[in-house]
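Quick notes on the structure that follows.
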Amino acid sequence: MIPVDYYIILSTILFTIGVVGVLVRRNALIIFMSIELMLNAANLAIVAFGSALKSFSGQIFVFFVIAVAAAEVAVGLALIVEIFRTKKSIDVDQMSSMKG
Amino acid sequence: MTLDLALFLVLSLVAIASALGMLLSRNAVYSALFLVLNFVTVAVFYLLLGAPFIAMAQITVYAGAIMVLFLFVIMLLGTEDLPKSQVLPWQRPLAIVLSVLLAAEATYLLVTKARPAGDVLQPEASVNTMDNLRQLGNLLFTDYLLPFEVVSILLLVAMVGAIILTKKEKGARQ
């Protein structure tokens, strides 16, 4: 018997680690991986709530989230490769061409 | 302490440690491998929650496809480690303080306000995998048929977009 609260707390901790990763790291690939970690934490919370409510909708929703995440990764990595080709770096501090 | 709870605690330690390892390791390849470990741990949590199909989809799509793509790009670009530079020195402590606040607030609100009626998960020892699959498939192709088709179009658009973005323009370079 595992209370659903434990899953929520775990998911919050994982989400927060992802937020720290986005805020602190400067490597665009690591930032992207942190976004994946946040998506995963949200998925875990959805499945935990769905399981507590005895509903299948949570699992269906997570299935769609996984599909959308796959599409997002393909386009995002293509963008990162293109940025690397033009700027020769994936340090987000270097991407300041639009700075006034 | 039941076996379920012990398993949960050990697995959550592994999940948090691998997430921190992803965050803290300097080399991007190590970060990606830590993230694979984290995804597999979350897949085991899905099994504990009685969602075997989602667990397998997690391993195939996240740990299999997405992370292989990440590793390919890291090795293709050859930017495992960036040189150190601190443009905003106050950003790191501020980020950590604000994130701890976010974690506290989110935990408080989710546990007190968004708590579902059945507050204790039943031990899902008797989850029938075939039953789970059959019910998911039925729902997916009846009630959720339109979202399913929309997702297939989204995947097609993402595939075309990725190819167009990374394609070298002919004539433009010469």
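Chain labels A, B, ... are given in the sequence in which chains occur in the structure tokens; within each chain residues are numbered consecutively from 1, and ligands are likewise numbered from 1 in the order shown.
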(message) Residues within 12 Å of region 54-65 of chain B, please, as a PyMOL selection string. Count only C-alpha atoms; anything in the same chain fewer than 2 positions from it doesn't count.
(response) (chain A and resi 33+36-37+39-40+43-44+46-47+56+58-71+73-74) or (chain B and resi 32-52+67-72+129+132-133+136)
What does the file look like for those residues with C-alpha atoms, as a JSON list (two decimals), in the first residue's frame?
```json
[["chain", "number", "residue", "atom", "x", "y", "z"],
["A", 33, "MET", "CA", 17.17, 16.81, -21.28],
["A", 36, "GLU", "CA", 12.31, 15.76, -20.80],
["A", 37, "LEU", "CA", 12.79, 15.09, -17.07],
["A", 39, "LEU", "CA", 7.67, 15.91, -18.79],
["A", 40, "ASN", "CA", 8.42, 12.58, -17.16],
["A", 43, "ASN", "CA", 3.57, 11.85, -16.52],
["A", 44, "LEU", "CA", 4.32, 10.07, -13.25],
["A", 46, "ILE", "CA", -0.82, 11.75, -14.03],
["A", 47, "VAL", "CA", -0.47, 7.97, -13.86],
["A", 56, "PHE", "CA", -7.81, 4.57, -17.59],
["A", 58, "GLY", "CA", -4.65, 8.96, -17.13],
["A", 59, "GLN", "CA", -2.81, 6.19, -18.97],
["A", 60, "ILE", "CA", -4.28, 7.27, -22.33],
["A", 61, "PHE", "CA", -3.27, 10.86, -21.65],
["A", 62, "VAL", "CA", 0.29, 9.79, -20.79],
["A", 63, "PHE", "CA", 0.40, 7.75, -24.00],
["A", 64, "PHE", "CA", -0.37, 10.91, -26.00],
["A", 65, "VAL", "CA", 2.16, 12.92, -23.99],
["A", 66, "ILE", "CA", 4.86, 10.36, -24.83],
["A", 67, "ALA", "CA", 3.99, 10.61, -28.55],
["A", 68, "VAL", "CA", 4.08, 14.41, -28.48],
["A", 69, "ALA", "CA", 7.40, 14.32, -26.56],
["A", 70, "ALA", "CA", 8.90, 12.15, -29.30],
["A", 71, "ALA", "CA", 7.83, 14.67, -31.95],
["A", 73, "VAL", "CA", 12.54, 15.90, -29.40],
["A", 74, "ALA", "CA", 12.93, 15.32, -33.14],
["B", 32, "ALA", "CA", 22.27, 11.33, -21.07],
["B", 33, "LEU", "CA", 23.14, 7.95, -19.52],
["B", 34, "PHE", "CA", 21.91, 9.11, -16.09],
["B", 35, "LEU", "CA", 18.69, 10.23, -17.74],
["B", 36, "VAL", "CA", 18.25, 6.74, -19.28],
["B", 37, "LEU", "CA", 18.53, 5.26, -15.78],
["B", 38, "ASN", "CA", 15.93, 7.76, -14.55],
["B", 39, "PHE", "CA", 13.52, 6.86, -17.36],
["B", 40, "VAL", "CA", 13.86, 3.14, -16.65],
["B", 41, "THR", "CA", 13.18, 3.77, -12.94],
["B", 42, "VAL", "CA", 10.05, 5.75, -13.82],
["B", 43, "ALA", "CA", 8.99, 2.80, -16.02],
["B", 44, "VAL", "CA", 9.23, 0.53, -12.97],
["B", 45, "PHE", "CA", 7.04, 3.04, -11.09],
["B", 46, "TYR", "CA", 4.44, 2.69, -13.86],
["B", 47, "LEU", "CA", 4.54, -1.08, -13.34],
["B", 48, "LEU", "CA", 3.99, -0.53, -9.60],
["B", 49, "LEU", "CA", 1.02, 1.71, -10.42],
["B", 50, "GLY", "CA", -0.56, -0.98, -12.58],
["B", 51, "ALA", "CA", 0.18, 0.52, -16.00],
["B", 52, "PRO", "CA", 2.28, -2.11, -17.82],
["B", 67, "MET", "CA", 17.85, 9.01, -25.67],
["B", 68, "VAL", "CA", 19.57, 7.32, -28.63],
["B", 69, "LEU", "CA", 18.72, 10.44, -30.64],
["B", 70, "PHE", "CA", 20.18, 12.59, -27.85],
["B", 71, "LEU", "CA", 23.39, 10.55, -27.73],
["B", 72, "PHE", "CA", 23.72, 10.74, -31.52],
["B", 129, "THR", "CA", -1.52, -7.38, -18.35],
["B", 132, "ASN", "CA", -5.00, -3.73, -19.16],
["B", 133, "LEU", "CA", -3.96, -3.86, -22.81],
["B", 136, "LEU", "CA", -6.52, 0.59, -23.22]]
```
(message) So the first atom is CA of Leu23 (chain A) and the second is CA of Leu23 (chain B); what is the distance between them in Å, to one decimal place?
(response) 10.8 Å
(message) Give me the residues near region 162-170 of chain B as a PyMOL selection string, where near means some atom within 12 Å (using only C-alpha atoms) and where sequence neighbours in that chain fewer than 4 positions away do not count.
(response) (chain A and resi 70-86) or (chain B and resi 73+155-158+174)
(request) Please give the complete set of residues from chain B that DSSP, run on the backbone, assigns to helix (DSSP H, G or I), formatted as a count of residues only. (result) 126
(message) Please determine, counting only C-alpha atoms, which residue among A:Met98, A:Leu53, A:Ala45, A:Val92 has the shortest atom-to-atom distance to chain B.
(response)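 Closest to chain B of all the choices is A:Leu53.
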(request) Excluding Ala41 (chain A) and residues on its chain fewer than 4 positions from it, collect all residues at most 6 Å away from it, counting only C-alpha atoms, and give them as a list in words. (result)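 Neighbouring residues, sequence-local ones excluded: Ser11, Leu14 and Phe15 of chain A.
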Given the selection you just returned, output its residues as a file containing N, CA and C atoms, formatted as a PDB file, in the first residue's frame.
```
ATOM      1  N   SER A  11       7.263  13.056  -7.669  1.00  0.00           N
ATOM      2  CA  SER A  11       7.133  13.725  -8.961  1.00  0.00           C
ATOM      3  C   SER A  11       7.485  15.204  -8.842  1.00  0.00           C
ATOM      4  N   LEU A  14      11.313  15.466  -8.758  1.00  0.00           N
ATOM      5  CA  LEU A  14      11.916  15.287 -10.082  1.00  0.00           C
ATOM      6  C   LEU A  14      11.666  16.519 -10.943  1.00  0.00           C
ATOM      7  N   PHE A  15      10.439  17.079 -10.858  1.00  0.00           N
ATOM      8  CA  PHE A  15      10.119  18.272 -11.649  1.00  0.00           C
ATOM      9  C   PHE A  15      11.026  19.428 -11.254  1.00  0.00           C
TER      10      PHE A  15
END
```
(message) My list of candidates is A:Gln94, A:Ala52, A:Tyr7, A:Ala28. Which is closest to chain B when distances are computed with only C-alpha atoms?
(response)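 Once distances to chain B are computed over only C-alpha atoms, the minimum belongs to A:Ala52.
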(request) Name the closest residue to chain A among the candidates B:Tyr108, B:Leu5, B:Val150, B:Pro93; distances are taken between atoms, counting only C-alpha atoms. (result)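 Of B:Tyr108, B:Leu5, B:Val150, B:Pro93, the one nearest chain A, counting only C-alpha atoms, is B:Leu5.
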(request) In Å, rounded to a single decimal, give me how far CA of Ile66 (chain B) is from CA of Leu98 (chain B). (result)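 Rounded to one decimal, the two atoms are 29.5 Å apart.
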